[in-house]
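Trainee: Below is the file protein_24.txt, which contains compact mmCIF, C-alpha atoms.
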```
# COMPACT_ATOMS: atom_id res chain seq x y z
CA MET N 20 11.33 25.72 -8.13
CA LYS N 21 8.21 26.21 -6.07
CA PRO N 22 5.17 23.94 -5.94
CA ALA N 23 2.15 25.54 -7.61
CA PHE N 24 -0.31 24.35 -4.96
CA SER N 25 -0.41 24.46 -1.19
CA PRO N 26 -2.26 22.33 1.35
CA GLY N 27 -5.92 23.27 1.40
CA ASP N 28 -6.01 24.41 -2.25
CA ARG N 29 -8.93 23.13 -4.32
CA VAL N 30 -7.75 21.34 -7.45
CA ARG N 31 -9.31 19.50 -10.34
CA VAL N 32 -7.70 16.48 -11.98
CA ARG N 33 -7.35 17.00 -15.71
CA LYS N 34 -9.78 14.90 -17.66
CA VAL N 35 -7.61 13.69 -20.49
CA ASP N 36 -7.02 10.30 -21.95
CA ALA N 37 -3.27 10.22 -22.39
CA PRO N 38 -1.43 7.14 -23.64
CA GLY N 39 1.54 5.62 -21.82
CA HIS N 40 2.48 4.82 -18.26
CA ILE N 41 0.10 7.12 -16.38
CA ARG N 42 -0.10 6.99 -12.60
CA THR N 43 -3.28 9.10 -12.37
CA PRO N 44 -6.19 6.69 -11.86
CA HIS N 45 -9.11 7.09 -14.26
CA TYR N 46 -11.61 7.21 -11.43
CA VAL N 47 -10.43 10.64 -10.23
CA ARG N 48 -9.97 12.29 -13.61
CA GLY N 49 -12.27 15.28 -13.88
CA HIS N 50 -12.93 15.26 -10.12
CA GLU N 51 -12.18 18.00 -7.63
CA GLY N 52 -10.34 17.51 -4.38
CA GLU N 53 -8.21 19.31 -1.85
CA VAL N 54 -4.43 19.28 -1.65
CA GLU N 55 -3.64 17.39 1.56
CA ARG N 56 0.14 17.85 1.32
CA PHE N 57 2.97 18.55 -1.05
CA VAL N 58 5.07 15.39 -1.05
CA GLY N 59 8.21 16.49 -2.89
CA TYR N 60 9.75 16.36 -6.33
CA PHE N 61 9.97 13.01 -8.06
CA ARG N 62 11.00 11.83 -11.46
CA ASN N 63 8.02 11.60 -13.76
CA PRO N 64 6.95 7.94 -14.13
CA GLU N 65 5.54 8.75 -17.57
CA GLU N 66 9.15 9.37 -18.69
CA LEU N 67 10.84 6.78 -16.48
CA ALA N 68 8.75 4.01 -17.99
CA TYR N 69 10.53 4.63 -21.29
CA GLY N 70 14.00 4.69 -19.81
CA ARG N 71 14.36 8.48 -19.77
CA TYR N 72 16.08 8.60 -16.40
CA ASP N 73 17.37 12.14 -16.81
CA CYS N 74 13.87 13.59 -17.02
CA ALA N 75 12.92 16.61 -14.94
CA ARG N 76 11.43 16.10 -11.52
CA ARG N 77 7.78 16.92 -11.00
CA ALA N 78 5.94 18.16 -7.96
CA LEU N 79 3.84 15.44 -6.37
CA TYR N 80 0.85 16.01 -4.09
CA ARG N 81 -1.51 13.98 -2.03
CA VAL N 82 -4.99 15.05 -3.05
CA ARG N 83 -7.97 14.24 -0.85
CA PHE N 84 -11.31 13.50 -2.52
CA LEU N 85 -14.67 12.98 -0.87
CA GLN N 86 -15.85 9.46 -1.65
CA CYS N 87 -19.41 10.69 -2.18
CA GLU N 88 -18.17 13.07 -4.90
CA VAL N 89 -16.12 10.43 -6.70
CA TRP N 90 -18.89 7.82 -6.57
CA PRO N 91 -22.36 9.43 -6.70
CA ASP N 92 -23.97 6.27 -5.25
CA TYR N 93 -21.36 5.86 -2.49
CA ALA N 94 -22.90 3.93 0.37
CA GLY N 95 -20.68 5.09 3.25
CA ARG N 96 -20.47 8.27 5.23
CA GLY N 97 -20.49 11.72 3.62
CA ASN N 98 -17.01 12.56 4.85
CA ASP N 99 -15.22 9.31 3.99
CA THR N 100 -12.21 10.17 1.85
CA LEU N 101 -9.92 8.84 -0.80
CA ASP N 102 -6.32 10.13 -0.85
CA VAL N 103 -4.46 9.80 -4.13
CA GLU N 104 -0.95 10.87 -5.17
CA ILE N 105 -1.09 13.10 -8.23
CA TYR N 106 1.62 14.94 -10.15
CA GLU N 107 1.32 18.67 -10.67
CA HIS N 108 0.93 18.47 -14.44
CA TRP N 109 -2.30 16.52 -13.89
CA LEU N 110 -3.84 19.22 -11.70
CA GLU N 111 -5.50 22.54 -12.40
CA PRO N 112 -6.82 25.07 -9.90
CA ALA N 113 -10.49 24.82 -8.93
CA ALA N 114 -12.68 27.38 -7.18
CA LYS N 115 -13.57 26.98 -3.53
CA PRO N 116 -16.99 25.31 -3.29
CA MET D 14 4.90 -37.11 -7.86
CA SER D 15 1.93 -38.84 -9.40
CA GLY D 16 -1.32 -36.91 -9.36
CA ALA D 17 -4.19 -39.15 -8.32
CA HIS D 18 -4.01 -41.50 -5.38
CA GLU D 19 -6.40 -43.70 -3.47
CA HIS D 20 -6.78 -43.92 0.25
CA GLY D 21 -9.44 -44.51 2.83
CA HIS D 22 -10.42 -42.21 5.67
CA ASP D 23 -13.49 -40.89 7.47
CA GLN D 24 -15.26 -39.61 4.38
CA GLY D 25 -14.98 -43.01 2.69
CA ASP D 26 -12.88 -43.98 -0.30
CA HIS D 27 -12.53 -41.38 -3.00
CA ARG D 28 -10.08 -40.33 -5.63
CA HIS D 29 -8.51 -36.85 -5.46
CA PRO D 30 -8.17 -35.00 -8.73
CA PRO D 31 -4.57 -34.40 -9.73
CA GLN D 32 -3.30 -31.31 -7.90
CA PRO D 33 -1.84 -28.86 -10.38
CA ASP D 34 1.62 -27.64 -9.51
CA ALA D 35 1.18 -23.87 -9.63
CA ASP D 36 4.85 -23.46 -10.45
CA ASP D 37 4.92 -25.44 -13.68
CA THR D 38 3.65 -22.90 -16.19
CA LEU D 39 6.32 -21.44 -18.39
CA ALA D 40 4.29 -18.35 -19.22
CA TYR D 41 5.82 -15.57 -21.30
CA PRO D 42 6.88 -13.31 -18.37
CA ARG D 43 8.63 -16.23 -16.70
CA LYS D 44 10.46 -17.18 -19.90
CA LEU D 45 11.50 -13.57 -20.31
CA GLU D 46 12.76 -13.37 -16.71
CA ILE D 47 14.81 -16.55 -17.07
CA ALA D 48 16.28 -15.44 -20.41
CA VAL D 49 17.26 -11.98 -19.13
CA ARG D 50 18.64 -13.35 -15.85
CA GLU D 51 20.75 -15.96 -17.62
CA LEU D 52 22.09 -13.40 -20.08
CA LEU D 53 23.04 -10.99 -17.30
CA ILE D 54 24.80 -13.76 -15.39
CA GLU D 55 26.62 -14.81 -18.58
CA LYS D 56 27.70 -11.22 -19.18
CA GLY D 57 29.02 -11.01 -15.63
CA VAL D 58 26.66 -8.23 -14.53
CA PHE D 59 25.85 -10.29 -11.43
CA THR D 60 26.24 -13.86 -10.29
CA ALA D 61 23.62 -16.52 -9.69
CA ASP D 62 24.54 -16.42 -6.01
CA GLU D 63 23.83 -12.68 -5.88
CA VAL D 64 20.37 -13.28 -7.39
CA ARG D 65 19.73 -16.01 -4.84
CA ALA D 66 20.89 -13.75 -2.00
CA ALA D 67 18.61 -10.93 -3.19
CA VAL D 68 15.63 -13.30 -3.21
CA GLU D 69 16.60 -14.57 0.23
CA ASP D 70 16.79 -10.99 1.47
CA MET D 71 13.33 -10.22 0.04
CA ASP D 72 11.86 -13.31 1.64
CA GLY D 73 13.54 -12.39 4.92
CA ARG D 74 11.48 -9.23 5.28
CA THR D 75 8.41 -10.01 7.32
CA PRO D 76 5.66 -7.97 8.99
CA GLU D 77 7.59 -8.35 12.25
CA ARG D 78 9.64 -5.37 11.12
CA GLY D 79 6.55 -3.23 10.87
CA ALA D 80 5.28 -4.57 14.19
CA LYS D 81 8.47 -3.43 15.87
CA VAL D 82 7.95 0.07 14.47
CA VAL D 83 4.33 0.17 15.66
CA ALA D 84 5.19 -1.05 19.16
CA ARG D 85 7.88 1.62 19.47
CA ALA D 86 5.39 4.30 18.38
CA TRP D 87 2.97 3.09 21.07
CA VAL D 88 5.49 3.48 23.87
CA ASP D 89 7.56 6.44 22.68
CA PRO D 90 5.63 9.66 21.89
CA GLU D 91 8.68 11.36 20.37
CA PHE D 92 9.21 8.43 18.01
CA ARG D 93 5.51 8.46 17.10
CA LYS D 94 5.76 12.15 16.22
CA LEU D 95 8.78 11.56 13.99
CA LEU D 96 7.12 8.48 12.43
CA LEU D 97 4.11 10.52 11.33
CA ALA D 98 6.26 13.42 10.10
CA ASP D 99 9.12 11.55 8.40
CA ALA D 100 8.55 7.80 8.53
CA GLY D 101 11.66 6.86 6.56
CA ARG D 102 13.94 8.68 9.00
CA ALA D 103 12.01 7.31 11.98
CA VAL D 104 12.33 3.65 10.99
CA GLU D 105 16.01 4.10 10.13
CA SER D 106 16.53 5.57 13.61
CA ILE D 107 15.54 2.23 15.19
CA GLY D 108 17.61 0.15 12.80
CA CYS D 109 14.89 -0.82 10.30
CA ASP D 110 16.45 -0.39 6.90
CA TRP D 111 14.06 1.51 4.62
CA ASN D 112 16.09 0.38 1.66
CA THR D 113 14.08 2.04 -1.10
CA PRO D 114 15.11 5.70 -0.92
CA HIS D 115 13.38 6.57 -4.20
CA VAL D 116 9.98 6.06 -2.57
CA LYS D 117 8.74 7.82 0.53
CA LEU D 118 7.40 5.86 3.47
CA THR D 119 4.29 7.49 4.87
CA VAL D 120 2.57 6.37 8.05
CA VAL D 121 -1.10 7.17 8.61
CA GLU D 122 -2.51 6.95 12.10
CA ASN D 123 -5.76 5.34 13.16
CA THR D 124 -7.69 7.19 15.85
CA PRO D 125 -11.11 6.68 17.44
CA GLU D 126 -12.43 9.02 14.72
CA VAL D 127 -10.50 7.91 11.62
CA HIS D 128 -9.77 4.49 10.14
CA ASN D 129 -7.11 4.28 7.43
CA VAL D 130 -6.69 1.53 4.86
CA ILE D 131 -4.15 1.17 2.05
CA VAL D 132 -4.56 -0.10 -1.48
CA CYS D 133 -2.74 0.21 -4.79
CA THR D 134 -5.35 0.33 -7.52
CA LEU D 135 -2.82 0.48 -10.36
CA CYS D 136 -0.57 -2.43 -9.35
CA SER D 137 0.65 -3.74 -5.99
CA CYS D 138 2.72 -0.98 -4.32
CA TYR D 139 3.30 -2.03 -0.73
CA PRO D 140 5.82 -1.13 2.01
CA ARG D 141 7.81 -4.31 1.39
CA ALA D 142 10.83 -3.29 3.45
CA LEU D 143 8.58 -3.26 6.54
CA LEU D 144 5.84 -5.76 5.73
CA GLY D 145 7.53 -8.21 3.36
CA LEU D 146 5.79 -9.42 0.24
CA PRO D 147 2.13 -8.42 -0.12
CA PRO D 148 -0.53 -11.08 0.40
CA SER D 149 -2.05 -12.37 -2.82
CA TRP D 150 -5.43 -10.77 -2.11
CA TYR D 151 -3.74 -7.35 -1.92
CA LYS D 152 -2.85 -7.76 -5.60
CA SER D 153 -6.26 -9.10 -6.62
CA PHE D 154 -8.52 -7.11 -8.89
CA ALA D 155 -11.36 -7.47 -6.37
CA TYR D 156 -9.43 -5.86 -3.50
CA ARG D 157 -7.91 -3.14 -5.68
CA SER D 158 -11.26 -2.07 -7.09
CA ARG D 159 -13.58 -2.65 -4.16
CA MET D 160 -11.41 -1.03 -1.50
CA VAL D 161 -11.71 2.32 -3.26
CA ARG D 162 -15.28 1.84 -4.46
CA GLU D 163 -16.98 0.34 -1.39
CA PRO D 164 -14.44 0.27 1.44
CA ARG D 165 -16.96 -0.20 4.23
CA THR D 166 -18.46 -3.29 2.61
CA ALA D 167 -15.01 -4.69 1.79
CA LEU D 168 -13.80 -4.06 5.36
CA LYS D 169 -16.90 -5.79 6.72
CA GLU D 170 -15.91 -8.86 4.71
CA PHE D 171 -12.54 -8.74 6.47
CA GLY D 172 -14.50 -8.85 9.72
CA MET D 173 -14.27 -5.15 10.52
CA GLU D 174 -17.49 -3.55 11.68
CA LEU D 175 -16.74 0.16 11.77
CA PRO D 176 -19.05 2.42 13.75
CA GLU D 177 -20.90 4.98 11.59
CA ARG D 178 -19.13 7.84 13.34
CA VAL D 179 -15.68 6.65 12.18
CA VAL D 180 -14.44 8.27 8.98
CA VAL D 181 -12.91 5.84 6.49
CA ARG D 182 -9.80 7.15 4.75
CA VAL D 183 -8.61 5.08 1.81
CA HIS D 184 -5.06 5.71 0.57
CA ASP D 185 -4.40 4.77 -3.02
CA SER D 186 -0.66 4.27 -3.42
CA THR D 187 -0.44 5.54 -6.98
CA ALA D 188 3.05 6.97 -7.26
CA ASP D 189 6.05 7.49 -4.97
CA LEU D 190 4.59 6.98 -1.50
CA ARG D 191 4.37 3.69 0.34
CA TYR D 192 1.89 3.62 3.17
CA MET D 193 1.73 1.85 6.46
CA VAL D 194 -1.12 2.17 8.93
CA LEU D 195 -0.32 2.89 12.57
CA PRO D 196 -3.08 0.95 14.32
CA MET D 197 -4.58 1.98 17.64
CA ARG D 198 -3.03 0.49 20.74
CA PRO D 199 -5.52 -1.99 22.22
CA GLU D 200 -6.98 -1.30 25.64
CA GLY D 201 -5.61 -3.16 28.63
CA THR D 202 -2.01 -3.13 27.38
CA GLY D 203 -0.66 -0.49 29.75
CA SER D 204 1.72 -2.83 31.54
CA MET D 205 3.00 -4.71 28.48
CA SER D 206 6.60 -4.55 27.28
CA GLU D 207 7.50 -3.32 23.81
CA ALA D 208 8.15 -6.90 22.66
CA GLN D 209 4.79 -8.08 24.02
CA LEU D 210 3.07 -5.18 22.26
CA ALA D 211 4.78 -6.03 18.96
CA ALA D 212 3.24 -9.51 19.15
CA LEU D 213 -0.22 -7.90 18.99
CA VAL D 214 0.56 -6.16 15.70
CA THR D 215 -0.44 -8.25 12.69
CA ARG D 216 0.26 -7.64 9.03
CA ASP D 217 -3.37 -6.85 8.30
CA CYS D 218 -3.67 -4.17 10.97
CA MET D 219 -0.78 -2.33 9.29
CA ILE D 220 -2.66 -2.54 5.96
CA GLY D 221 -5.83 -1.37 7.67
CA THR D 222 -7.99 -4.45 7.08
CA ALA D 223 -7.92 -5.36 10.79
CA VAL D 224 -7.25 -3.88 14.21
CA ALA D 225 -4.41 -4.91 16.49
CA ARG D 226 -4.97 -8.06 18.54
CA ARG D 227 -6.34 -7.69 22.05
CA PRO D 228 -4.15 -9.12 24.75
CA GLU D 229 -5.31 -12.46 26.07
CA LYS D 230 -6.83 -12.09 29.47
CA SER D 231 -5.53 -14.49 32.05
CA GLY D 232 -8.12 -16.32 34.11
CA LYS D 233 -10.98 -15.55 31.72
```
Show me, as structure tokens, the structure contained in the file I just sent.

Mentor:
Amino acid sequence: MKPAFSPGDRVRVRKVDAPGHIRTPHYVRGHEGEVERFVGYFRNPEELAYGRYDCARRALYRVRFLQCEVWPDYAGRGNDTLDVEIYEHWLEPAAKP
Amino acid sequence: MSGAHEHGHDQGDHRHPPQPDADDTLAYPRKLEIAVRELLIEKGVFTADEVRAAVEDMDGRTPERGAKVVARAWVDPEFRKLLLADAGRAVESIGCDWNTPHVKLTVVENTPEVHNVIVCTLCSCYPRALLGLPPSWYKSFAYRSRMVREPRTALKEFGMELPERVVVRVHDSTADLRYMVLPMRPEGTGSMSEAQLAALVTRDCMIGTAVARRPEKSGK
């Protein structure tokens, strides 16, 4: 098992409205960020929430977003960031800007 | 205790409204907790004393644990390096039990250029083993939404005026990481012992809504 993304990779959070116990915040769905680090493999909370403890482990990343890209009217500095933990199945590759 | 009472003091005689006892609501989640707990005790899964001891243990965790970790990182560069690379292993190495192995402790370091702050927008994830129970505002909707949406304004309301040149890095604890901020060591603390340094480390500076206390100057 190898993680699909490496630190520095550009990724986009899938913009889907899935039901259930989702740990991907709505505010980053559809947004692009950069993989800050691969965290490890963890059991998928979307399965765990329904008692499926034997579910497969999923790669988890910390993805760094620029605040000014997440919130178009962001009042702070241009390079303020927001780091969010996101599972691999919520990410797709994005082109370098 | 009766609610209203009368007494006289500086502001003149007045009647206080009855003070509601915040603990008296038998809301659905509380009923459910009591029912499940009593059933599990009846079935012999655990005893009432074990439940009590677990609560006592939870209440026994205070931010002093985190402060001890921070003070060690300030005086020991090797420990600091390990803390930033593998925080769980680092805190275990100084006898702080990171007793939640299924989540990964992650320490983020404040520098003159970067200020870190932690939030859990989805619920109230918090490094409880090191900081104890989260303050009520940490779980409030206002903190959870505003700290990601307008962190500089929210931090200002906590009394933190960050210079423009400092980058604000918000960490949303959405899944299996638990964050703690390693605050900057205050100036003028060069001669202080590790225990004296730990006393400067408050809960809020490990959340990122404050900086570490400055040492009191003698003969000010």

Trainee: Distance limit 6 Å, atoms considered: all atoms listed in the file. Which chain N residues sit that close to chain D? Return them as a list in words.

Mentor: Arg42, Asp99, Thr100, Leu101, Asp102, Val103 and Glu104 of chain N

Trainee: Grab the atom CA of Leu110 of chain N to atom CA of Arg33 of chain N distance for me, in Å with one decimal place.

Mentor: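 Rounded to one decimal, the two atoms are 5.8 Å apart.
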
Trainee: Rounded to one decimal place, report the atom CA of Arg62 of chain N-atom CA of Val104 of chain D distance in Å.

Mentor: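 It comes out at 23.9 Å.
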
Trainee: Just how far from atom CA of Met71 of chain D is atom CA of Gly101 of chain D, in Å to one decimal?

Mentor: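 Value for the atom CA of Gly101 of chain D-atom CA of Met71 of chain D distance: 18.4 Å.
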
Trainee: Mind listing as a PDB file with C-alpha atoms, in the coordinates of the input all residues within 6 Å of (6.1, 14.5, -2.3), counting only C-alpha atoms?

Mentor:
```
ATOM      1  CA  PHE N  57       2.970  18.550  -1.050  1.00  0.00           C
ATOM      2  CA  VAL N  58       5.070  15.390  -1.050  1.00  0.00           C
ATOM      3  CA  GLY N  59       8.210  16.490  -2.890  1.00  0.00           C
ATOM      4  CA  TYR N  60       9.750  16.360  -6.330  1.00  0.00           C
ATOM      5  CA  LEU N  79       3.840  15.440  -6.370  1.00  0.00           C
ATOM      6  CA  TYR N  80       0.850  16.010  -4.090  1.00  0.00           C
TER       7      TYR N  80
END
```

Trainee: Using all atoms listed in the file, determine which residues lie at most 8 Å from Asn98 of chain N, disregarding the query and same-chain residues fewer than 3 positions distant; provide the list as a PyMOL selection string.

Mentor: (chain N and resi 85-87) or (chain D and resi 180)

Trainee: Skip Ile41 of chain N itself and residues of its chain fewer than 2 positions away, then list as a list in words all residues within 7 Å of it, counting only C-alpha atoms.

Mentor: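 Contacts, in chain order: Gly39, Thr43 and Glu65 of chain N.
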
Trainee: Counting all atoms listed in the file, which residue out of N:Ile105, N:Ala94, N:Val35, N:Ala23 sits closest to Asn63 of chain N?

Mentor: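 That would be N:Ile105, the residue with the smallest distance to Asn63 of chain N.
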
Trainee: Identify which of the residues D:Val83, D:Ala155, D:Val88, D:Met173 lies closest to Pro196 of chain D, counting all atoms listed in the file when measuring atom-to-atom distances.

Mentor: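 Looking at the shortest contact to Pro196 of chain D, the residue is D:Val83.
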
Trainee: Just the residues within 7 Å of segment 137-154 of chain D, please, counting all atoms listed in the file, with nothing from its chain fewer than 3 positions along; format it as JSON, numbers by chain.

Mentor: {"D": [71, 72, 74, 75, 76, 78, 79, 111, 112, 133, 157, 158, 186, 191, 192, 193, 216]}

Trainee: Choose the residue, out of D:Val58, D:Ala84, D:Val68, D:Val49, that has the smallest atom-to-atom separation from Leu96 of chain D; count all atoms listed in the file.

Mentor: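 Ranking D:Val58, D:Ala84, D:Val68, D:Val49 by distance to Leu96 of chain D, first place goes to D:Ala84.
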
Trainee: Which of these residues is nearest to Val32 of chain N, using only C-alpha atoms: N:His108, N:Arg96, N:Arg71, N:Arg56?

Mentor: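 Closest residue, counting only C-alpha atoms: N:His108.
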
Trainee: Taking into account all atoms listed in the file, which residue in the set N:Ala78, N:Tyr93, N:Phe61, N:His45 is nearest to Ser25 of chain N?

Mentor: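 Result for the nearest residue to Ser25 of chain N: N:Ala78.
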
Trainee: Have a look at D:Glu55, D:Asp89, D:Glu69, D:Glu105 and name the one nearest to Glu207 of chain D; count all atoms listed in the file.

Mentor: D:Asp89

Trainee: Find the smallest box with edges along x, y and z containing every listed atom of segment 68-81 of chain D, then add 4 Å on each side and report centre and edge lengths in Å to one decimal, as lines of an AutoDock Vina configuration file.

Mentor:
```
center_x = 11.0
center_y = -8.9
center_z = 6.3
size_x = 19.5
size_y = 19.3
size_z = 27.1
```

Trainee: If we count all atoms listed in the file and set the cut-off at 8 Å, which residues sit around Gly52 of chain N, ignoring sequence neighbours fewer than 5 positions away in its own chain? Please answer as a list in words.

Mentor: Arg29, Val30, Arg31, Val82, Arg83, Phe84 and Leu85 of chain N
